[in-house]
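Okay, query36.pdb is below, PDB, C-alpha atoms:
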```
ATOM      1  CA  MET J   1       0.000   0.000   0.000
ATOM      2  CA  LYS J   2       1.236   3.467  -0.933
ATOM      3  CA  LYS J   3      -0.319   6.833  -0.151
ATOM      4  CA  ALA J   4       0.716  10.344  -1.134
ATOM      5  CA  LEU J   5      -0.124  13.939  -0.280
ATOM      6  CA  ILE J   6       0.664  16.221  -3.211
ATOM      7  CA  VAL J   7       0.619  19.977  -2.542
ATOM      8  CA  GLY J   8       1.072  22.818  -5.039
ATOM      9  CA  LEU J   9       0.376  26.350  -3.759
ATOM     10  CA  ASN J  10       0.357  29.478  -5.944
ATOM     11  CA  ASN J  11      -2.087  31.948  -4.458
ATOM     12  CA  TYR J  12       0.019  33.654  -1.788
ATOM     13  CA  PRO J  13      -0.916  37.213  -0.733
ATOM     14  CA  ASP J  14       1.411  39.770  -2.376
ATOM     15  CA  CYS J  15       3.872  37.082  -3.544
ATOM     16  CA  LYS J  16       2.025  34.763  -5.938
ATOM     17  CA  LEU J  17       3.772  31.914  -7.682
ATOM     18  CA  GLU J  18       2.880  30.724 -11.161
ATOM     19  CA  TRP J  19       3.603  27.053 -11.735
ATOM     20  CA  CYS J  20       3.343  25.219  -8.403
ATOM     21  CA  ASP J  21      -0.142  23.986  -9.286
ATOM     22  CA  ASN J  22       1.253  22.604 -12.557
ATOM     23  CA  ASP J  23       4.005  20.889 -10.585
ATOM     24  CA  ALA J  24       1.560  19.176  -8.241
ATOM     25  CA  ILE J  25      -0.855  18.105 -10.978
ATOM     26  CA  ALA J  26       1.964  16.592 -13.049
ATOM     27  CA  ILE J  27       3.497  14.693 -10.120
ATOM     28  CA  LYS J  28       0.059  13.417  -9.090
ATOM     29  CA  GLU J  29      -0.661  12.103 -12.587
ATOM     30  CA  LEU J  30       2.697  10.326 -12.744
ATOM     31  CA  ILE J  31       2.677   8.574  -9.376
ATOM     32  CA  GLU J  32      -0.967   7.471  -9.434
ATOM     33  CA  SER J  33      -0.040   4.668 -11.807
ATOM     34  CA  ASN J  34       2.989   2.706 -12.957
ATOM     35  CA  GLY J  35       4.273   2.633 -16.500
ATOM     36  CA  ASP J  36       2.052  -0.315 -17.385
ATOM     37  CA  GLY J  37      -1.058   1.455 -16.064
ATOM     38  CA  SER J  38      -1.311  -0.554 -12.840
ATOM     39  CA  PRO J  39      -2.324   1.364  -9.683
ATOM     40  CA  ASN J  40       0.491   2.901  -7.677
ATOM     41  CA  PHE J  41      -0.073   5.651  -5.063
ATOM     42  CA  ASP J  42      -3.445   6.545  -3.566
ATOM     43  CA  VAL J  43      -3.175  10.343  -3.869
ATOM     44  CA  VAL J  44      -4.754  13.264  -2.026
ATOM     45  CA  SER J  45      -3.893  16.618  -3.613
ATOM     46  CA  ILE J  46      -4.130  20.222  -2.430
ATOM     47  CA  ILE J  47      -3.895  22.751  -5.235
ATOM     48  CA  ASP J  48      -3.450  26.554  -5.312
ATOM     49  CA  CYS J  49      -4.632  27.511  -1.781
ATOM     50  CA  CYS J  50      -4.278  25.966   1.679
ATOM     51  CA  THR J  51      -4.408  27.158   5.284
ATOM     52  CA  LYS J  52      -1.856  26.208   7.921
ATOM     53  CA  ASP J  53      -4.371  24.111   9.852
ATOM     54  CA  LYS J  54      -5.531  22.257   6.740
ATOM     55  CA  LEU J  55      -1.997  21.427   5.603
ATOM     56  CA  LYS J  56      -0.860  20.291   9.039
ATOM     57  CA  ALA J  57      -3.946  18.079   9.425
ATOM     58  CA  ALA J  58      -3.389  16.567   5.969
ATOM     59  CA  ILE J  59       0.240  15.758   6.788
ATOM     60  CA  GLU J  60      -0.813  14.175  10.069
ATOM     61  CA  ARG J  61      -3.292  11.946   8.190
ATOM     62  CA  LEU J  62      -0.641  11.023   5.631
ATOM     63  CA  PHE J  63       1.732   9.705   8.296
ATOM     64  CA  SER J  64      -0.937   8.221  10.580
ATOM     65  CA  ASP J  65      -1.351   4.827   8.880
ATOM     66  CA  ASP J  66       0.824   1.748   8.550
ATOM     67  CA  VAL J  67       1.591   1.607   4.820
ATOM     68  CA  ASP J  68       4.637   0.674   2.735
ATOM     69  CA  ILE J  69       5.322   4.227   1.516
ATOM     70  CA  ALA J  70       3.881   7.583   2.626
ATOM     71  CA  LEU J  71       4.981  10.334   0.223
ATOM     72  CA  LEU J  72       4.721  14.090   0.832
ATOM     73  CA  TYR J  73       5.405  16.366  -2.134
ATOM     74  CA  PHE J  74       5.282  20.150  -1.622
ATOM     75  CA  SER J  75       5.707  22.885  -4.231
ATOM     76  CA  GLY J  76       5.295  26.439  -2.986
ATOM     77  CA  HIS J  77       7.023  29.102  -0.905
ATOM     78  CA  GLY J  78       9.518  28.150   1.768
ATOM     79  CA  ALA J  79      10.743  30.414   4.576
ATOM     80  CA  ASN J  80      14.302  30.551   5.931
ATOM     81  CA  ILE J  81      13.219  31.382   9.478
ATOM     82  CA  ASP J  82      13.194  29.436  12.749
ATOM     83  CA  GLY J  83      14.308  26.151  11.209
ATOM     84  CA  GLY J  84      12.281  26.622   8.035
ATOM     85  CA  TYR J  85       8.608  26.619   7.060
ATOM     86  CA  LEU J  86       6.380  25.204   4.360
ATOM     87  CA  CYS J  87       4.478  28.408   3.725
ATOM     88  CA  THR J  88       0.700  28.257   3.451
ATOM     89  CA  THR J  89      -1.437  30.801   1.633
ATOM     90  CA  ASP J  90      -2.898  32.227   4.855
ATOM     91  CA  PHE J  91       0.488  33.271   6.253
ATOM     92  CA  SER J  92       0.675  36.580   8.100
ATOM     93  CA  GLY J  93       3.197  38.317  10.295
ATOM     94  CA  SER J  94       5.509  35.732  11.793
ATOM     95  CA  ASP J  95       3.092  32.831  11.235
ATOM     96  CA  TYR J  96       4.396  31.428   7.947
ATOM     97  CA  GLY J  97       2.712  28.041   7.893
ATOM     98  CA  VAL J  98       3.848  24.555   8.922
ATOM     99  CA  ARG J  99       7.269  24.271  10.517
ATOM    100  CA  MET J 100       9.578  21.875   8.709
ATOM    101  CA  SER J 101      10.704  20.470  12.047
ATOM    102  CA  ASP J 102       7.076  19.610  12.861
ATOM    103  CA  VAL J 103       6.731  17.761   9.546
ATOM    104  CA  LEU J 104       9.882  15.776  10.230
ATOM    105  CA  GLU J 105       8.730  14.954  13.747
ATOM    106  CA  MET J 106       5.474  13.541  12.342
ATOM    107  CA  ALA J 107       7.445  11.469   9.815
ATOM    108  CA  ASN J 108       9.888  10.232  12.470
ATOM    109  CA  LYS J 109       7.038   9.032  14.683
ATOM    110  CA  SER J 110       5.053   7.450  11.848
ATOM    111  CA  ARG J 111       4.529   3.687  11.674
ATOM    112  CA  CYS J 112       4.727   3.799   7.873
ATOM    113  CA  ARG J 113       7.687   1.737   6.727
ATOM    114  CA  ASN J 114       9.020   4.372   4.320
ATOM    115  CA  LYS J 115       8.393   8.092   4.641
ATOM    116  CA  VAL J 116       9.480  10.151   1.617
ATOM    117  CA  ILE J 117       9.413  13.963   1.717
ATOM    118  CA  ILE J 118      10.078  15.830  -1.547
ATOM    119  CA  LEU J 119      10.232  19.627  -1.373
ATOM    120  CA  ASP J 120      10.371  22.062  -4.304
ATOM    121  CA  CYS J 121      10.533  25.308  -2.386
ATOM    122  CA  CYS J 122      13.149  27.875  -1.449
ATOM    123  CA  PHE J 123      15.498  26.832   1.399
ATOM    124  CA  ALA J 124      14.128  23.274   1.052
ATOM    125  CA  ALA J 125      17.127  21.670   2.747
ATOM    126  CA  LYS J 126      16.156  23.386   6.002
ATOM    127  CA  MET J 127      13.966  20.307   6.429
ATOM    128  CA  GLY J 128      15.682  18.375   9.188
ATOM    129  CA  GLU J 129      18.663  20.699   9.456
ATOM    130  CA  SER J 130      17.876  22.109  12.892
ATOM    131  CA  ILE J 131      17.037  18.684  14.308
ATOM    132  CA  LEU J 132      20.027  17.022  12.706
ATOM    133  CA  LEU J 133      22.567  19.661  13.720
ATOM    134  CA  ASN J 134      21.347  21.528  16.756
ATOM    135  CA  ASN J 135      19.778  18.688  18.693
ATOM    136  CA  ASN J 136      22.202  15.987  17.525
ATOM    137  CA  SER J 137      19.255  13.862  16.519
ATOM    138  CA  VAL J 138      18.857  11.724  13.419
ATOM    139  CA  LEU J 139      16.288  11.048  10.751
ATOM    140  CA  GLY J 140      13.842   8.457  11.954
ATOM    141  CA  GLU J 141      14.080   4.974  10.522
ATOM    142  CA  GLY J 142      12.641   4.833   7.014
ATOM    143  CA  VAL J 143      12.691   8.623   6.452
ATOM    144  CA  THR J 144      14.000  10.110   3.205
ATOM    145  CA  ILE J 145      14.142  13.818   2.337
ATOM    146  CA  MET J 146      14.757  15.126  -1.164
ATOM    147  CA  ALA J 147      15.087  18.913  -1.355
ATOM    148  CA  ALA J 148      15.222  21.129  -4.434
ATOM    149  CA  SER J 149      17.957  23.385  -3.079
ATOM    150  CA  GLN J 150      20.432  23.972  -0.289
ATOM    151  CA  SER J 151      19.248  25.535   2.959
ATOM    152  CA  TRP J 152      20.467  28.976   1.832
ATOM    153  CA  GLN J 153      19.273  28.782  -1.790
ATOM    154  CA  THR J 154      16.101  29.721  -3.612
ATOM    155  CA  SER J 155      14.406  27.260  -5.965
ATOM    156  CA  ALA J 156      13.817  28.399  -9.505
ATOM    157  CA  GLU J 157      10.751  28.220 -11.714
ATOM    158  CA  ASN J 158      11.021  28.071 -15.499
ATOM    159  CA  GLY J 159       8.319  29.895 -17.418
ATOM    160  CA  ALA J 160       9.299  28.216 -20.675
ATOM    161  CA  ILE J 161       8.330  24.811 -19.309
ATOM    162  CA  GLN J 162       5.798  26.134 -16.767
ATOM    163  CA  HIS J 163       7.265  24.051 -13.966
ATOM    164  CA  GLY J 164       9.843  24.367 -11.238
ATOM    165  CA  VAL J 165      13.301  23.426 -12.506
ATOM    166  CA  PHE J 166      13.603  20.703  -9.861
ATOM    167  CA  THR J 167      10.127  19.281 -10.474
ATOM    168  CA  GLU J 168      10.653  19.180 -14.237
ATOM    169  CA  LEU J 169      13.633  16.910 -13.610
ATOM    170  CA  LEU J 170      11.606  14.819 -11.152
ATOM    171  CA  MET J 171       9.018  14.343 -13.900
ATOM    172  CA  GLN J 172      11.652  13.203 -16.400
ATOM    173  CA  GLY J 173      13.054  10.786 -13.832
ATOM    174  CA  LEU J 174       9.628   9.355 -12.969
ATOM    175  CA  LYS J 175       8.859   8.866 -16.659
ATOM    176  CA  GLY J 176      11.850   6.550 -16.924
ATOM    177  CA  SER J 177      15.122   8.488 -16.971
ATOM    178  CA  ALA J 178      15.832   7.424 -13.374
ATOM    179  CA  ALA J 179      14.828   3.769 -13.830
ATOM    180  CA  ASP J 180      17.225   0.901 -13.303
ATOM    181  CA  ILE J 181      17.473  -2.105 -15.612
ATOM    182  CA  SER J 182      14.506  -3.732 -13.858
ATOM    183  CA  GLY J 183      12.345  -0.633 -14.430
ATOM    184  CA  ASN J 184      12.353   0.471 -10.765
ATOM    185  CA  ILE J 185      12.549   4.164  -9.862
ATOM    186  CA  THR J 186      13.643   4.638  -6.253
ATOM    187  CA  PRO J 187      14.195   7.872  -4.280
ATOM    188  CA  ALA J 188      17.953   7.339  -4.584
ATOM    189  CA  SER J 189      17.923   6.808  -8.360
ATOM    190  CA  LEU J 190      15.582   9.778  -8.756
ATOM    191  CA  TYR J 191      17.897  12.025  -6.758
ATOM    192  CA  SER J 192      20.929  10.782  -8.667
ATOM    193  CA  PHE J 193      19.287  11.690 -11.979
ATOM    194  CA  VAL J 194      18.293  15.168 -10.741
ATOM    195  CA  ASP J 195      21.714  15.813  -9.219
ATOM    196  CA  GLN J 196      23.540  14.877 -12.422
ATOM    197  CA  SER J 197      21.166  16.986 -14.533
ATOM    198  CA  LEU J 198      21.764  20.248 -12.636
ATOM    199  CA  GLY J 199      24.937  22.185 -13.350
ATOM    200  CA  ALA J 200      27.468  23.455 -10.823
ATOM    201  CA  TRP J 201      26.123  27.008 -11.082
ATOM    202  CA  GLN J 202      22.484  26.038 -10.548
ATOM    203  CA  GLN J 203      20.545  25.267  -7.386
ATOM    204  CA  ARG J 204      21.943  22.117  -5.799
ATOM    205  CA  PRO J 205      19.524  19.427  -4.623
ATOM    206  CA  VAL J 206      19.931  17.665  -1.279
ATOM    207  CA  PHE J 207      19.291  14.044  -0.305
ATOM    208  CA  LYS J 208      19.013  12.800   3.283
ATOM    209  CA  THR J 209      17.937   9.292   4.183
ATOM    210  CA  ASN J 210      17.848   6.635   6.882
ATOM    211  CA  ILE J 211      16.572   3.518   5.161
ATOM    212  CA  SER J 212      17.547  -0.133   4.968
ATOM    213  CA  GLN J 213      15.573  -0.997   1.817
ATOM    214  CA  LEU J 214      14.970   0.968  -1.381
ATOM    215  CA  LEU J 215      11.332   0.581  -2.398
ATOM    216  CA  PRO J 216      10.344   1.925  -5.828
ATOM    217  CA  LEU J 217       8.259   5.087  -6.081
ATOM    218  CA  ARG J 218       7.214   3.994  -9.573
ATOM    219  CA  THR J 219       7.977   1.214 -12.025
ATOM    220  CA  ILE J 220       8.110   1.316 -15.807
ATOM    221  CA  GLN J 221       8.678  -1.314 -18.460
ATOM    222  CA  ALA J 222      11.987  -3.005 -17.707
ATOM    223  CA  LYS J 223      14.878  -2.451 -20.093
ATOM    224  CA  VAL J 224      15.453  -6.196 -19.804
ATOM    225  CA  PRO J 225      12.382  -8.317 -18.951
ATOM    226  CA  LYS J 226      12.768 -10.063 -15.598
ATOM    227  CA  ARG J 227      12.203 -13.498 -17.160
ATOM    228  CA  ILE J 228      15.336 -12.888 -19.242
ATOM    229  CA  LEU J 229      17.298 -11.137 -16.499
ATOM    230  CA  ARG J 230      16.861 -14.219 -14.316
ATOM    231  CA  LYS J 231      18.843 -16.218 -16.880
ATOM    232  CA  LEU J 232      22.117 -14.431 -16.130
ATOM    233  CA  SER J 233      23.005 -17.048 -13.524
ATOM    234  CA  THR J 234      21.990 -19.784 -15.982
ATOM    235  CA  TYR J 235      24.274 -18.613 -18.762
ATOM    236  CA  PHE J 236      27.087 -17.830 -16.325
ATOM    237  CA  LYS J 237      27.235 -20.549 -13.668
ATOM    238  CA  ASN J 238      30.053 -18.706 -11.901
ATOM    239  CA  PRO J 239      30.725 -14.965 -11.932
ATOM    240  CA  THR J 240      34.122 -15.372 -13.617
ATOM    241  CA  ASP J 241      32.868 -17.736 -16.355
ATOM    242  CA  GLU J 242      33.127 -16.923 -20.044
ATOM    243  CA  PHE J 243      30.265 -17.852 -22.368
ATOM    244  CA  LYS J 244      31.815 -19.424 -25.476
ATOM    245  CA  LEU J 245      30.369 -18.276 -28.786
ATOM    246  CA  ASP J 246      30.659 -19.481 -32.365
ATOM    247  CA  PRO J 247      29.047 -18.567 -35.733
ATOM    248  CA  SER J 248      25.967 -20.696 -34.998
ATOM    249  CA  TYR J 249      24.802 -17.981 -32.576
ATOM    250  CA  GLU J 250      24.571 -15.293 -35.286
ATOM    251  CA  TYR J 251      21.178 -15.418 -37.049
ATOM    252  CA  THR J 252      22.491 -13.892 -40.299
ATOM    253  CA  ASN J 253      24.958 -16.763 -40.658
ATOM    254  CA  ALA J 254      22.484 -18.921 -42.556
ATOM    255  CA  PRO J 255      22.632 -20.380 -46.094
ATOM    256  CA  GLU J 256      19.518 -18.486 -47.224
ATOM    257  CA  VAL J 257      21.181 -15.133 -46.430
ATOM    258  CA  GLU J 258      23.141 -13.811 -49.424
ATOM    259  CA  HIS J 259      26.585 -13.259 -47.944
ATOM    260  CA  GLN J 260      29.492 -15.412 -46.890
ATOM    261  CA  VAL J 261      28.453 -17.862 -44.191
ATOM    262  CA  ILE J 262      30.611 -19.926 -41.882
ATOM    263  CA  GLU J 263      30.021 -23.311 -40.357
ATOM    264  CA  PRO J 264      28.474 -24.092 -37.972
ATOM    265  CA  TYR J 265      25.434 -22.381 -39.489
ATOM    266  CA  ALA J 266      22.845 -20.489 -37.447
ATOM    267  CA  ASP J 267      21.113 -22.710 -34.923
ATOM    268  CA  ALA J 268      17.634 -21.671 -33.760
ATOM    269  CA  GLU J 269      18.293 -22.309 -30.068
ATOM    270  CA  HIS J 270      21.693 -20.645 -30.179
ATOM    271  CA  VAL J 271      20.163 -17.640 -31.971
ATOM    272  CA  ARG J 272      17.546 -17.312 -29.211
ATOM    273  CA  VAL J 273      20.235 -17.383 -26.522
ATOM    274  CA  PHE J 274      22.426 -14.941 -28.442
ATOM    275  CA  LYS J 275      19.594 -12.396 -28.725
ATOM    276  CA  GLU J 276      19.236 -12.479 -24.949
ATOM    277  CA  LEU J 277      22.994 -12.104 -24.514
ATOM    278  CA  GLN J 278      22.941  -9.149 -26.903
ATOM    279  CA  LEU J 279      20.163  -7.613 -24.810
ATOM    280  CA  PHE J 280      22.355  -7.979 -21.726
ATOM    281  CA  GLU J 281      25.210  -6.362 -23.639
ATOM    282  CA  SER J 282      23.030  -3.408 -24.705
ATOM    283  CA  VAL J 283      22.475  -2.407 -21.050
ATOM    284  CA  GLY J 284      26.042  -3.023 -19.927
ATOM    285  CA  LEU J 285      25.674  -6.373 -18.153
ATOM    286  CA  ILE J 286      28.050  -8.354 -20.349
ATOM    287  CA  GLU J 287      30.783  -7.533 -22.841
ATOM    288  CA  PRO J 288      32.504  -9.409 -25.677
ATOM    289  CA  ILE J 289      36.071 -10.571 -25.119
ATOM    290  CA  GLY J 290      38.763  -9.554 -27.568
ATOM    291  CA  THR J 291      36.482  -7.576 -29.885
ATOM    292  CA  GLU J 292      34.137  -4.578 -29.770
ATOM    293  CA  HIS J 293      30.897  -6.242 -30.907
ATOM    294  CA  MET J 294      29.000  -9.383 -30.007
ATOM    295  CA  TYR J 295      28.568 -10.137 -33.727
ATOM    296  CA  PHE J 296      32.323 -10.521 -34.190
ATOM    297  CA  ALA J 297      32.643 -12.449 -30.919
ATOM    298  CA  ALA J 298      30.300 -15.048 -32.425
ATOM    299  CA  MET J 299      31.702 -15.055 -35.954
ATOM    300  CA  GLU J 300      35.301 -15.242 -34.686
ATOM    301  CA  ASN J 301      34.638 -18.016 -32.139
ATOM    302  CA  LYS J 302      35.330 -15.768 -29.150
ATOM    303  CA  ALA J 303      33.383 -15.327 -25.894
ATOM    304  CA  CYS J 304      31.631 -12.842 -23.624
ATOM    305  CA  LYS J 305      31.777 -12.197 -19.880
ATOM    306  CA  LEU J 306      30.001 -10.335 -17.086
ATOM    307  CA  THR J 307      30.803  -6.675 -16.462
ATOM    308  CA  ALA J 308      30.994  -5.206 -12.948
ATOM    309  CA  LEU J 309      27.339  -4.173 -13.263
ATOM    310  CA  GLY J 310      26.541  -7.601 -14.670
ATOM    311  CA  LEU J 311      28.106  -9.214 -11.613
ATOM    312  CA  HIS J 312      25.682  -7.246  -9.401
ATOM    313  CA  TYR J 313      22.661  -8.458 -11.364
ATOM    314  CA  TRP J 314      24.155 -11.976 -11.569
ATOM    315  CA  LYS J 315      24.103 -12.109  -7.770
ATOM    316  CA  LEU J 316      20.491 -10.887  -7.721
ATOM    317  CA  SER J 317      19.605 -13.521 -10.319
ATOM    318  CA  LYS J 318      21.405 -16.244  -8.369
ATOM    319  CA  ASP J 319      19.589 -15.259  -5.161
ATOM    320  CA  ARG J 320      16.200 -15.036  -6.919
ATOM    321  CA  ARG J 321      15.858 -11.386  -5.890
ATOM    322  CA  PHE J 322      13.641 -10.479  -8.862
TER     323      PHE J 322
END
```
What would the structure in this file look like if it were written as structure tokens?
Amino acid sequence: MKKALIVGLNNYPDCKLEWCDNDAIAIKELIESNGDGSPNFDVVSIIDCCTKDKLKAAIERLFSDDVDIALLYFSGHGANIDGGYLCTTDFSGSDYGVRMSDVLEMANKSRCRNKVIILDCCFAAKMGESILLNNNSVLGEGVTIMAASQSWQTSAENGAIQHGVFTELLMQGLKGSAADISGNITPASLYSFVDQSLGAWQQRPVFKTNISQLLPLRTIQAKVPKRILRKLSTYFKNPTDEFKLDPSYEYTNAPEVEHQVIEPYADAEHVRVFKELQLFESVGLIEPIGTEHMYFAAMENKACKLTALGLHYWKLSKDRRF
């Protein structure tokens, strides 16, 4: 079970934002379902306007249950005062909205197994900073924070794309750019994609976590189907093994094809295996030995072997982890 609270606030008095509602709507649409259309997060959204009391109550409800993942996404104004605030549209005087430290306290106390907080607001990394530094405390077990900017930085919007810069990258990552070979998009892979996409002179995202297991926020079609990925430990009985190839693995090496062919001619079962090996090679799990291409490895009676990344997935295959 997964549940999410998605918040995008624009309508602030005297300091309106333009695209936070777009941010929230887009994130909601992406996380409600996986890439194959299957249900994903059960989403409650708050768009454009929200009072302090309403937002705090909604966050309390989000973290009140015992679910696999509880996700809070906030796009709006942030305040760099008193440990940081998620600003609500009824702010006045020194009452800016919901204190970031209060949000983190609710997440720390939650029975949900994974609590993910994603903030696209100015000074977003203030979330947890006062608790982590001043009180020498730690993030509660299962808590992950992903912030659009450092605690002293503002977070930019981009009128050309009508989204926050950070959220636009989140969207690209959730659509598949942050997926691993199995099609899983985790908070860590999502942050890694965003971090690599932002330049040194731009706002710098922040990632804080205390988790023992990376659960996916969304899944898409796997680059290599799991039924094929499981065969890594079949083709390579040991991690240092080489898989011997010959011309019978190359499907074009058949008498009916008008070019020079070499015995042994293409064999249907070998061709099937070779296509799967080539799929592994295309995502960096194996590599040919002594040549640049799998085609020549087959035609020249050479072999292929696991890469470092392939060794990781070989172990997962051997342990039946997918």
Handout entry: Hits of the PyMOL selection byres ((chain J and resi 27) around 12) in this structure, as number ranges by chain
Key = J: 4-8, 20-26, 28-33, 41, 43-45, 47, 71-75, 118, 120, 163-164, 166-175, 217-218
Problem - Explicit residues for the PyMOL selection byres ((chain J and resi 86) around 8) (as number ranges by chain) - result: J: 74, 76-79, 84-85, 87-88, 96-100, 121
Problem - Selection result for the PyMOL selection byres ((chain J and resi 63) around 9) on this file, as a list in words - result: Ala58, Ile59, Glu60, Arg61, Leu62, Ser64, Asp65, Asp66, Val67, Ala70, Leu71, Met106, Ala107, Lys109, Ser110, Arg111, Cys112 and Lys115 of chain J
Saved selection, atoms kept: C-alpha atoms, as a tab-separated table (two decimals), in the coordinates of the input:
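Below you can see result.tsv, which holds the result:
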```
chain	number	residue	atom	x	y	z
J	58	ALA	CA	-3.39	16.57	5.97
J	59	ILE	CA	0.24	15.76	6.79
J	60	GLU	CA	-0.81	14.18	10.07
J	61	ARG	CA	-3.29	11.95	8.19
J	62	LEU	CA	-0.64	11.02	5.63
J	64	SER	CA	-0.94	8.22	10.58
J	65	ASP	CA	-1.35	4.83	8.88
J	66	ASP	CA	0.82	1.75	8.55
J	67	VAL	CA	1.59	1.61	4.82
J	70	ALA	CA	3.88	7.58	2.63
J	71	LEU	CA	4.98	10.33	0.22
J	106	MET	CA	5.47	13.54	12.34
J	107	ALA	CA	7.44	11.47	9.82
J	109	LYS	CA	7.04	9.03	14.68
J	110	SER	CA	5.05	7.45	11.85
J	111	ARG	CA	4.53	3.69	11.67
J	112	CYS	CA	4.73	3.80	7.87
J	115	LYS	CA	8.39	8.09	4.64
```
Practice task
Could you jot down the CA of Tyr191 (chain J) to CA of Ala147 (chain J) separation for me, Å, one decimal place?
Solution key: 9.2 Å
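CA of Gly176 (chain J) is positioned 26.4 Å from CA of Cys122 (chain J).
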Exercise for the section: Quote the spacing between CA of Ser233 (chain J) and CA of Leu309 (chain J) in Å to one decimal place. Expected result: 13.6 Å
Practice task
Rank nothing, just name the residue among J:Asn11, J:Asn34, J:Asn80, J:Thr307 nearest to Ile185 (chain J), using only C-alpha atoms.
Solution key: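 Closest candidate: J:Asn34.
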Exercise for the section: Measuring atom to atom with only C-alpha atoms, identify which of J:Ala148, J:Leu198, J:Ile286, J:Ile220 is nearest to Ala179 (chain J). Expected result: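 Comparing J:Ala148, J:Leu198, J:Ile286, J:Ile220 against Ala179 (chain J), the winner is J:Ile220.
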Exercise for the section: Go through J:Tyr12, J:Tyr295, J:Phe207, J:Phe280 and flag the residue nearest Pro247 (chain J), using all atoms listed in the file for the distances. Expected result: J:Tyr295
Problem - Proximity to Ser248 (chain J) - best of J:Ile117, J:Leu104, J:Ala266, J:Leu279, only C-alpha atoms - result: J:Ala266
